[in-house]
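One file, query-v6.pdb, is given below (PDB, C-alpha atoms).
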```pdb
ATOM      1  CA  MET A   1       0.000   0.000   0.000
ATOM      2  CA  ASP A   2       0.981   3.621  -0.523
ATOM      3  CA  LYS A   3       3.264   4.814   2.258
ATOM      4  CA  ASN A   4       2.738   8.369   1.012
ATOM      5  CA  MET A   5      -0.976   8.357   1.712
ATOM      6  CA  ARG A   6      -2.276  11.217   3.843
ATOM      7  CA  ILE A   7      -3.636   9.983   7.162
ATOM      8  CA  LEU A   8      -5.976  12.076   9.336
ATOM      9  CA  ILE A   9      -5.686  11.335  13.080
ATOM     10  CA  VAL A  10      -8.733  12.466  15.109
ATOM     11  CA  ASP A  11      -8.560  12.319  18.924
ATOM     12  CA  ASP A  12      -9.292  14.863  21.663
ATOM     13  CA  PHE A  13      -6.255  13.730  23.681
ATOM     14  CA  SER A  14      -3.079  15.268  22.258
ATOM     15  CA  THR A  15      -1.029  12.474  23.867
ATOM     16  CA  MET A  16      -2.906   9.825  21.894
ATOM     17  CA  ARG A  17      -2.614  11.776  18.623
ATOM     18  CA  ARG A  18       1.118  11.959  19.154
ATOM     19  CA  ILE A  19       1.408   8.237  19.983
ATOM     20  CA  VAL A  20      -0.576   7.231  16.873
ATOM     21  CA  LYS A  21       1.512   9.605  14.758
ATOM     22  CA  ASN A  22       4.732   8.079  16.170
ATOM     23  CA  LEU A  23       3.509   4.563  15.471
ATOM     24  CA  LEU A  24       2.549   5.500  11.911
ATOM     25  CA  ASN A  25       5.998   7.013  11.406
ATOM     26  CA  ASP A  26       7.549   3.767  12.619
ATOM     27  CA  LEU A  27       5.436   1.924  10.036
ATOM     28  CA  GLY A  28       6.691   4.278   7.314
ATOM     29  CA  TYR A  29       3.634   6.552   7.029
ATOM     30  CA  THR A  30       4.920  10.077   7.387
ATOM     31  CA  HIS A  31       2.070  12.154   5.924
ATOM     32  CA  THR A  32      -0.273  12.775   8.829
ATOM     33  CA  VAL A  33      -2.670  15.561   9.775
ATOM     34  CA  GLU A  34      -4.415  15.933  13.121
ATOM     35  CA  ALA A  35      -7.769  17.120  14.429
ATOM     36  CA  ASP A  36      -9.132  17.140  17.987
ATOM     37  CA  ASP A  37     -12.727  16.188  17.134
ATOM     38  CA  GLY A  38     -15.078  15.506  14.236
ATOM     39  CA  LYS A  39     -15.839  19.194  13.765
ATOM     40  CA  THR A  40     -12.236  20.184  13.178
ATOM     41  CA  ALA A  41     -11.670  17.030  11.102
ATOM     42  CA  TRP A  42     -14.543  17.813   8.716
ATOM     43  CA  PRO A  43     -13.011  20.790   6.840
ATOM     44  CA  LEU A  44      -9.798  18.789   6.388
ATOM     45  CA  LEU A  45     -11.823  15.955   4.847
ATOM     46  CA  GLN A  46     -13.791  18.398   2.721
ATOM     47  CA  ALA A  47     -10.536  19.791   1.334
ATOM     48  CA  GLY A  48     -10.334  16.386  -0.300
ATOM     49  CA  ASN A  49      -6.814  15.164   0.276
ATOM     50  CA  VAL A  50      -7.261  12.678   3.104
ATOM     51  CA  ASP A  51      -6.700   9.036   2.095
ATOM     52  CA  PHE A  52      -7.288   7.348   5.432
ATOM     53  CA  VAL A  53      -8.929   8.300   8.741
ATOM     54  CA  ILE A  54      -8.002   7.034  12.211
ATOM     55  CA  THR A  55     -10.537   8.320  14.726
ATOM     56  CA  ASP A  56     -11.408   8.087  18.398
ATOM     57  CA  TRP A  57     -15.104   7.683  19.273
ATOM     58  CA  ASN A  58     -15.796   9.714  22.411
ATOM     59  CA  MET A  59     -14.881  13.343  21.704
ATOM     60  CA  PRO A  60     -16.560  16.633  22.638
ATOM     61  CA  GLY A  61     -18.136  18.547  19.759
ATOM     62  CA  MET A  62     -18.529  15.873  17.123
ATOM     63  CA  THR A  63     -17.924  12.230  18.014
ATOM     64  CA  GLY A  64     -16.126   9.656  15.905
ATOM     65  CA  ILE A  65     -19.312   7.776  15.036
ATOM     66  CA  GLU A  66     -20.938  11.034  13.841
ATOM     67  CA  LEU A  67     -17.834  11.756  11.796
ATOM     68  CA  LEU A  68     -17.970   8.260  10.298
ATOM     69  CA  ARG A  69     -21.639   8.708   9.343
ATOM     70  CA  SER A  70     -20.929  12.126   7.836
ATOM     71  CA  ILE A  71     -18.101  10.657   5.747
ATOM     72  CA  ARG A  72     -20.292   7.793   4.504
ATOM     73  CA  GLY A  73     -23.069  10.277   3.736
ATOM     74  CA  ASP A  74     -20.934  12.530   1.552
ATOM     75  CA  ALA A  75     -20.558  11.014  -1.930
ATOM     76  CA  ARG A  76     -17.218  12.704  -2.624
ATOM     77  CA  ILE A  77     -15.443  11.198   0.372
ATOM     78  CA  ALA A  78     -17.747   8.257   1.204
ATOM     79  CA  LYS A  79     -15.152   5.645   0.251
ATOM     80  CA  THR A  80     -12.424   6.931   2.575
ATOM     81  CA  PRO A  81     -11.400   4.044   4.859
ATOM     82  CA  VAL A  82     -12.034   4.743   8.545
ATOM     83  CA  LEU A  83     -10.307   2.938  11.414
ATOM     84  CA  MET A  84     -11.881   3.490  14.831
ATOM     85  CA  VAL A  85      -9.392   3.521  17.735
ATOM     86  CA  THR A  86     -11.387   3.844  20.952
ATOM     87  CA  ALA A  87     -11.713   2.865  24.595
ATOM     88  CA  GLU A  88     -15.382   1.971  23.945
ATOM     89  CA  ALA A  89     -15.432  -1.780  24.368
ATOM     90  CA  GLN A  90     -19.131  -2.646  24.501
ATOM     91  CA  ARG A  91     -20.528  -5.095  21.956
ATOM     92  CA  GLU A  92     -23.316  -2.652  21.032
ATOM     93  CA  GLN A  93     -20.767   0.025  20.182
ATOM     94  CA  ILE A  94     -18.732  -2.311  17.994
ATOM     95  CA  ILE A  95     -21.906  -3.372  16.156
ATOM     96  CA  GLU A  96     -23.020   0.259  15.815
ATOM     97  CA  ALA A  97     -19.663   1.187  14.278
ATOM     98  CA  ALA A  98     -19.857  -1.802  11.920
ATOM     99  CA  GLN A  99     -23.352  -0.791  10.826
ATOM    100  CA  ALA A 100     -22.164   2.771  10.248
ATOM    101  CA  GLY A 101     -19.560   1.390   7.863
ATOM    102  CA  VAL A 102     -16.324   1.366   9.837
ATOM    103  CA  ASN A 103     -13.398  -0.460   8.197
ATOM    104  CA  GLY A 104     -11.631  -1.537  11.377
ATOM    105  CA  TYR A 105     -12.051  -1.308  15.155
ATOM    106  CA  ILE A 106      -9.217  -1.134  17.682
ATOM    107  CA  ILE A 107      -9.836  -1.080  21.430
ATOM    108  CA  LYS A 108      -7.534   1.065  23.589
ATOM    109  CA  PRO A 109      -5.097   0.247  25.049
ATOM    110  CA  PHE A 110      -3.635  -1.245  21.891
ATOM    111  CA  THR A 111      -0.229  -2.323  20.602
ATOM    112  CA  ALA A 112       1.818  -1.213  17.598
ATOM    113  CA  GLN A 113       1.322  -4.706  16.185
ATOM    114  CA  THR A 114      -2.490  -4.394  16.331
ATOM    115  CA  LEU A 115      -2.387  -1.044  14.536
ATOM    116  CA  LYS A 116      -0.189  -2.498  11.795
ATOM    117  CA  GLU A 117      -2.403  -5.584  11.403
ATOM    118  CA  LYS A 118      -5.613  -3.573  11.114
ATOM    119  CA  ILE A 119      -4.185  -1.086   8.595
ATOM    120  CA  ASP A 120      -2.776  -3.951   6.500
ATOM    121  CA  LYS A 121      -6.089  -5.805   6.654
ATOM    122  CA  ILE A 122      -8.103  -2.768   5.599
ATOM    123  CA  PHE A 123      -5.965  -2.187   2.506
ATOM    124  CA  GLN A 124      -5.846  -5.882   1.702
ATOM    125  CA  ARG A 125      -9.678  -5.900   1.695
ATOM    126  CA  ILE A 126      -9.829  -2.787  -0.448
ATOM    127  CA  ALA A 127      -7.398  -4.366  -2.939
ATOM    128  CA  GLU A 128      -9.500  -7.569  -3.014
ATOM    129  CA  THR A 129     -12.753  -5.765  -3.721
ATOM    130  CA  ALA A 130     -11.239  -3.252  -6.145
TER     131      ALA A 130
ATOM    132  CA  MET B 131     -45.349  14.681  34.945
ATOM    133  CA  SER B 132     -47.483  17.701  35.855
ATOM    134  CA  ALA B 133     -47.951  19.494  39.175
ATOM    135  CA  ASP B 134     -51.334  17.895  39.832
ATOM    136  CA  ASP B 135     -49.943  14.434  39.220
ATOM    137  CA  PRO B 136     -50.315  12.383  42.461
ATOM    138  CA  LEU B 137     -46.799  11.047  42.036
ATOM    139  CA  PHE B 138     -45.488  14.588  41.723
ATOM    140  CA  ALA B 139     -47.370  15.642  44.881
ATOM    141  CA  LYS B 140     -45.910  12.689  46.737
ATOM    142  CA  LEU B 141     -42.402  13.508  45.518
ATOM    143  CA  ALA B 142     -42.826  17.157  46.490
ATOM    144  CA  ARG B 143     -43.928  16.124  49.982
ATOM    145  CA  LEU B 144     -40.991  13.741  50.344
ATOM    146  CA  THR B 145     -38.593  16.451  49.205
ATOM    147  CA  ARG B 146     -40.061  18.918  51.703
ATOM    148  CA  GLU B 147     -39.709  16.340  54.469
ATOM    149  CA  LEU B 148     -36.132  15.774  53.469
ATOM    150  CA  HIS B 149     -35.480  19.543  53.608
ATOM    151  CA  ASP B 150     -36.986  19.659  57.093
ATOM    152  CA  ALA B 151     -34.897  16.714  58.205
ATOM    153  CA  VAL B 152     -31.767  18.340  56.782
ATOM    154  CA  THR B 153     -32.512  21.615  58.594
ATOM    155  CA  GLN B 154     -33.246  19.860  61.857
ATOM    156  CA  LEU B 155     -30.049  17.926  61.738
ATOM    157  CA  ARG B 156     -28.176  21.182  61.015
ATOM    158  CA  LEU B 157     -26.663  19.452  58.063
ATOM    159  CA  ASP B 158     -27.381  22.364  55.770
ATOM    160  CA  GLU B 159     -24.238  24.287  56.697
ATOM    161  CA  ARG B 160     -22.055  21.292  56.276
ATOM    162  CA  LEU B 161     -23.744  20.339  53.006
ATOM    163  CA  ALA B 162     -23.443  23.917  51.784
ATOM    164  CA  ARG B 163     -19.721  23.782  52.440
ATOM    165  CA  ILE B 164     -19.389  20.458  50.672
ATOM    166  CA  ALA B 165     -21.422  21.560  47.648
ATOM    167  CA  GLY B 166     -20.120  25.124  47.577
ATOM    168  CA  ASP B 167     -16.409  24.613  48.279
ATOM    169  CA  GLU B 168     -15.273  21.046  48.629
ATOM    170  CA  MET B 169     -16.839  19.632  45.506
ATOM    171  CA  PRO B 170     -15.608  22.412  43.186
ATOM    172  CA  ASP B 171     -12.210  21.972  44.835
ATOM    173  CA  ALA B 172     -12.313  18.217  44.151
ATOM    174  CA  ARG B 173     -13.177  18.921  40.503
ATOM    175  CA  HIS B 174     -10.266  21.327  40.144
ATOM    176  CA  ARG B 175      -7.901  18.830  41.700
ATOM    177  CA  LEU B 176      -9.008  16.101  39.313
ATOM    178  CA  ASP B 177      -8.661  18.507  36.409
ATOM    179  CA  TYR B 178      -5.155  19.274  37.575
ATOM    180  CA  VAL B 179      -4.335  15.539  37.638
ATOM    181  CA  ILE B 180      -5.330  15.340  33.957
ATOM    182  CA  GLN B 181      -3.151  18.345  33.106
ATOM    183  CA  MET B 182      -0.244  16.956  35.097
ATOM    184  CA  THR B 183      -0.361  13.505  33.481
ATOM    185  CA  GLU B 184      -0.748  15.100  30.050
ATOM    186  CA  LYS B 185       2.331  17.217  30.647
ATOM    187  CA  ALA B 186       4.293  14.211  31.920
ATOM    188  CA  ALA B 187       3.248  12.086  28.930
ATOM    189  CA  HIS B 188       4.324  14.814  26.480
ATOM    190  CA  ARG B 189       7.619  15.236  28.311
ATOM    191  CA  THR B 190       8.230  11.490  27.991
ATOM    192  CA  LEU B 191       7.361  11.619  24.277
ATOM    193  CA  ASP B 192       9.781  14.565  23.826
ATOM    194  CA  LEU B 193      12.538  12.521  25.456
ATOM    195  CA  VAL B 194      11.664   9.492  23.308
ATOM    196  CA  GLU B 195      12.086  11.657  20.209
ATOM    197  CA  GLN B 196      15.427  12.950  21.461
ATOM    198  CA  ALA B 197      16.591   9.388  22.130
ATOM    199  CA  ARG B 198      15.485   8.373  18.612
ATOM    200  CA  GLY B 199      17.966  10.989  17.406
ATOM    201  CA  VAL B 200      20.646   9.142  19.379
ATOM    202  CA  ALA B 201      19.631   5.873  17.667
ATOM    203  CA  ASP B 202      19.998   7.661  14.307
ATOM    204  CA  GLY B 203      23.467   8.757  15.411
ATOM    205  CA  ILE B 204      24.424   5.179  16.224
ATOM    206  CA  ASP B 205      23.289   4.093  12.736
ATOM    207  CA  VAL B 206      25.413   6.821  11.155
ATOM    208  CA  ALA B 207      28.417   5.646  13.194
ATOM    209  CA  ALA B 208      27.778   2.066  12.043
ATOM    210  CA  ARG B 209      27.761   3.260   8.398
ATOM    211  CA  HIS B 210      31.071   5.085   8.897
ATOM    212  CA  ILE B 211      32.587   1.937  10.335
ATOM    213  CA  ALA B 212      31.353  -0.063   7.330
ATOM    214  CA  GLU B 213      32.973   2.515   5.022
ATOM    215  CA  ALA B 214      36.242   2.319   6.985
ATOM    216  CA  GLU B 215      36.039  -1.453   6.775
ATOM    217  CA  SER B 216      35.787  -1.411   2.989
ATOM    218  CA  VAL B 217      38.595   1.173   2.655
ATOM    219  CA  ILE B 218      40.878  -1.060   4.710
ATOM    220  CA  ALA B 219      39.806  -4.194   2.849
ATOM    221  CA  ASP B 220      40.554  -2.477  -0.516
ATOM    222  CA  ASN B 221      43.823  -0.786   0.381
ATOM    223  CA  HIS B 222      45.313  -2.815   3.204
ATOM    224  CA  PRO B 223      44.430  -6.467   2.633
ATOM    225  CA  ASP B 224      47.112  -7.350   5.207
ATOM    226  CA  PHE B 225      45.018  -5.663   7.963
ATOM    227  CA  GLY B 226      42.441  -8.431   7.749
ATOM    228  CA  ASN B 227      42.046  -8.705  11.518
ATOM    229  CA  VAL B 228      41.190  -4.964  11.733
ATOM    230  CA  SER B 229      38.484  -5.465   9.086
ATOM    231  CA  VAL B 230      37.010  -8.344  11.091
ATOM    232  CA  LEU B 231      37.044  -6.219  14.234
ATOM    233  CA  LEU B 232      35.397  -3.267  12.481
ATOM    234  CA  HIS B 233      32.799  -5.532  10.919
ATOM    235  CA  GLY B 234      31.879  -6.980  14.316
ATOM    236  CA  THR B 235      31.680  -3.514  15.888
ATOM    237  CA  GLY B 236      29.418  -2.261  13.076
ATOM    238  CA  GLU B 237      27.092  -5.225  13.509
ATOM    239  CA  ASP B 238      27.003  -4.691  17.283
ATOM    240  CA  LEU B 239      26.105  -1.017  16.843
ATOM    241  CA  ARG B 240      23.306  -1.817  14.421
ATOM    242  CA  ALA B 241      21.902  -4.446  16.798
ATOM    243  CA  GLN B 242      22.075  -2.026  19.755
ATOM    244  CA  SER B 243      20.306   0.666  17.760
ATOM    245  CA  ARG B 244      17.530  -1.780  16.816
ATOM    246  CA  VAL B 245      16.999  -2.690  20.482
ATOM    247  CA  LEU B 246      17.036   0.991  21.461
ATOM    248  CA  ARG B 247      14.409   1.852  18.816
ATOM    249  CA  GLY B 248      12.216  -1.033  19.962
ATOM    250  CA  THR B 249      12.429   0.097  23.584
ATOM    251  CA  LEU B 250      11.630   3.695  22.633
ATOM    252  CA  SER B 251       8.571   2.619  20.657
ATOM    253  CA  GLU B 252       7.293   0.660  23.664
ATOM    254  CA  LEU B 253       7.988   3.640  25.896
ATOM    255  CA  ALA B 254       5.952   5.919  23.608
ATOM    256  CA  GLN B 255       3.148   3.376  23.376
ATOM    257  CA  ALA B 256       3.018   3.064  27.175
ATOM    258  CA  GLN B 257       1.991   6.743  27.372
ATOM    259  CA  GLU B 258      -1.491   5.832  26.170
ATOM    260  CA  TYR B 259      -2.355   5.386  29.851
ATOM    261  CA  GLN B 260      -2.775   9.188  29.896
ATOM    262  CA  ASP B 261      -5.681   9.092  27.451
ATOM    263  CA  LEU B 262      -7.445   6.249  29.288
ATOM    264  CA  ALA B 263      -6.822   7.615  32.788
ATOM    265  CA  GLY B 264      -7.877  11.077  31.580
ATOM    266  CA  GLN B 265     -11.160   9.744  30.165
ATOM    267  CA  ILE B 266     -11.956   7.947  33.426
ATOM    268  CA  ILE B 267     -11.164  11.049  35.504
ATOM    269  CA  LYS B 268     -13.325  13.226  33.209
ATOM    270  CA  ARG B 269     -16.232  10.900  33.921
ATOM    271  CA  VAL B 270     -15.711  11.263  37.683
ATOM    272  CA  ILE B 271     -15.556  15.072  37.295
ATOM    273  CA  ALA B 272     -18.893  14.996  35.437
ATOM    274  CA  LEU B 273     -20.416  12.873  38.214
ATOM    275  CA  VAL B 274     -19.137  15.196  40.959
ATOM    276  CA  CYS B 275     -20.589  18.116  39.018
ATOM    277  CA  THR B 276     -24.021  16.473  38.834
ATOM    278  CA  VAL B 277     -24.074  15.645  42.555
ATOM    279  CA  GLU B 278     -22.898  19.165  43.372
ATOM    280  CA  HIS B 279     -25.730  20.767  41.395
ATOM    281  CA  SER B 280     -28.339  18.445  42.871
ATOM    282  CA  LEU B 281     -27.102  19.230  46.354
ATOM    283  CA  LEU B 282     -27.181  22.984  45.732
ATOM    284  CA  GLU B 283     -30.710  22.682  44.404
ATOM    285  CA  LEU B 284     -31.755  20.750  47.510
ATOM    286  CA  LEU B 285     -30.162  23.374  49.771
ATOM    287  CA  ARG B 286     -31.885  26.248  47.968
ATOM    288  CA  GLY B 287     -35.146  24.487  48.812
ATOM    289  CA  ALA B 288     -34.112  23.993  52.461
ATOM    290  CA  ASP B 289     -33.206  27.690  52.817
ATOM    291  CA  GLY B 290     -36.859  28.622  52.859
ATOM    292  CA  VAL B 291     -36.784  29.936  49.300
ATOM    293  CA  GLY B 292     -39.318  27.244  48.616
ATOM    294  CA  LEU B 293     -39.255  24.128  46.590
ATOM    295  CA  GLN B 294     -37.667  24.420  43.226
ATOM    296  CA  THR B 295     -39.585  23.387  40.177
ATOM    297  CA  PRO B 296     -38.677  19.893  39.070
ATOM    298  CA  SER B 297     -35.326  19.718  37.322
ATOM    299  CA  ALA B 298     -35.399  20.433  33.613
ATOM    300  CA  GLN B 299     -33.495  17.210  33.183
ATOM    301  CA  PRO B 300     -35.495  14.432  34.843
ATOM    302  CA  ILE B 301     -33.607  11.300  35.709
ATOM    303  CA  GLN B 302     -34.041   8.831  32.918
ATOM    304  CA  PRO B 303     -31.900   6.192  31.337
ATOM    305  CA  LYS B 304     -29.687   8.005  28.886
ATOM    306  CA  THR B 305     -29.791   6.361  25.522
ATOM    307  CA  GLY B 306     -26.639   6.129  23.496
ATOM    308  CA  GLU B 307     -24.429   6.995  26.424
ATOM    309  CA  LEU B 308     -20.933   5.624  26.024
ATOM    310  CA  ALA B 309     -19.471   3.300  28.623
ATOM    311  CA  GLY B 310     -15.951   4.728  28.371
ATOM    312  CA  PRO B 311     -12.709   2.898  29.135
ATOM    313  CA  ALA B 312     -13.114  -0.507  30.734
ATOM    314  CA  VAL B 313     -12.329  -0.581  34.446
ATOM    315  CA  PRO B 314     -11.886  -3.703  36.589
ATOM    316  CA  GLY B 315     -15.215  -5.362  37.279
ATOM    317  CA  THR B 316     -16.990  -4.146  34.138
ATOM    318  CA  VAL B 317     -17.949  -6.259  31.151
ATOM    319  CA  ALA B 318     -15.998  -5.152  28.114
ATOM    320  CA  ALA B 319     -14.845  -6.691  24.869
ATOM    321  CA  SER B 320     -11.166  -7.475  24.307
ATOM    322  CA  GLN B 321      -9.520  -6.822  20.942
ATOM    323  CA  GLN B 322      -9.975 -10.519  20.195
ATOM    324  CA  ASP B 323     -13.711 -10.331  21.058
ATOM    325  CA  ALA B 324     -14.018  -7.278  18.802
ATOM    326  CA  ASP B 325     -12.221  -9.079  15.961
ATOM    327  CA  GLU B 326     -14.478 -12.120  16.300
ATOM    328  CA  LEU B 327     -17.605  -9.981  16.469
ATOM    329  CA  LEU B 328     -16.601  -8.031  13.366
ATOM    330  CA  ALA B 329     -15.683 -11.272  11.574
ATOM    331  CA  SER B 330     -19.166 -12.631  12.348
ATOM    332  CA  LEU B 331     -20.592  -9.452  10.786
ATOM    333  CA  GLY B 332     -18.626 -10.119   7.621
ATOM    334  CA  PHE B 333     -15.600  -7.886   8.275
TER     335      PHE B 333
END
```
So, in terms of structure tokens, how does the structure I just supplied come out?
Amino acid sequence: MDKNMRILIVDDFSTMRRIVKNLLNDLGYTHTVEADDGKTAWPLLQAGNVDFVITDWNMPGMTGIELLRSIRGDARIAKTPVLMVTAEAQREQIIEAAQAGVNGYIIKPFTAQTLKEKIDKIFQRIAETA
Amino acid sequence: MSADDPLFAKLARLTRELHDAVTQLRLDERLARIAGDEMPDARHRLDYVIQMTEKAAHRTLDLVEQARGVADGIDVAARHIAEAESVIADNHPDFGNVSVLLHGTGEDLRAQSRVLRGTLSELAQAQEYQDLAGQIIKRVIALVCTVEHSLLELLRGADGVGLQTPSAQPIQPKTGELAGPAVPGTVAASQQDADELLASLGF
């Protein structure tokens, strides 16, 4: 997959954004942008140069699930893969995210290995269905 | 629920009785102090804990980045040694033992740098506690805030100002409320559970 793709990291905790960014750098992805909730993420997505979204769920302003639904509801960016990275670990939440069209779901705390596996799996799936 | 609702009347009477009981027990002053000073103080302290851990986590991440620079430096040194090794091999074939020594040193440096990078990645990853701990503390702050407001409302009633109208936000199960980070004793899915669940949904 394209290591030059532009990845949008959405999380209200700056520590977590930095950790995810570090992990992505370790995996060779160096083009990242950050937003602290769905509302600040939206204009970045609208600008049209985000290839992949990694988002938290529980954020003030606009949550990750609302962001996911907005992405899926906007024809121009609807196909952008979205990986949810969240502390929400209830079955209902996982099902809700799946129904909203999430591409992957990681429960915090997570490992670098899990992040790599999920990203690889998402792009493998996309390649298979392309 | 309207004011002429029998349940409302009963609730109003119970509340009034509670106010009377509170006044009689002279608890109002103590409760006023708790709701007016101690609870806001507790909220500020918890807020400060979040700020402090956030600062500490960023400081650790700064240091991790600095140490990654050191790992880069070790790699550069290993490359220089490899260059020296090939210069010696080309120009001084009789210094074979020096080449072997340099080769071994270069390999050692590269191995050390790999270990160092691995450790630094783990160190950075370990800082995710700040996000989880912060989310849990934020929930406790919200709870303290709710109790504080309820208590103040109760005290306003007990002060003789009269019973307040029922809260604009009646207690009801909140739909769609998130459970937040798992804490010991709660039922929560593991990453493996999540993977299996998603697989069963065709992911």
Write out as CSV a residue-level contact list of stretch 19-91 of chain A versus stretch 104-121 of chain A with cut-off 8 Å: for each qualifying residue the closest pair of atoms and the distance in Å to one decimal, counting all atoms listed in the file, rows sorted by chain and residue number upward.
```
residue,atom,partner,partner_atom,distance
A:Leu23,CA,A:Ala112,CA,6.4
A:Leu27,CA,A:Lys116,CA,7.4
A:Val82,CA,A:Gly104,CA,6.9
A:Leu83,CA,A:Gly104,CA,4.7
A:Met84,CA,A:Tyr105,CA,4.8
A:Val85,CA,A:Ile106,CA,4.7
A:Thr86,CA,A:Ile107,CA,5.2
A:Ala87,CA,A:Lys108,CA,4.7
A:Glu88,CA,A:Ile107,CA,6.8
A:Ala89,CA,A:Ile107,CA,6.4
```
For this file, the PyMOL selection byres ((chain B and resi 165-180) around 7) selects which residues, as a PyMOL selection string? chain B and resi 161-164+181-184+264+267+271+274+278+281-282
Nearest to B:Arg189 by atom-to-atom distance, counting all atoms listed in the file, from A:Gln90, A:Asn58, A:Thr15, A:Asn22: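 Result for the nearest residue to B:Arg189: A:Thr15.
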Looking at all atoms listed in the file, which of A:Pro43, A:Gln124, A:Arg91, A:His31 is the one that sits closest to chain B? A:Arg91
What does the distance between atom CA of A:Ala100 and atom CA of A:Ala78 come to in Å, to one decimal place?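 So the answer is 11.5 Å.
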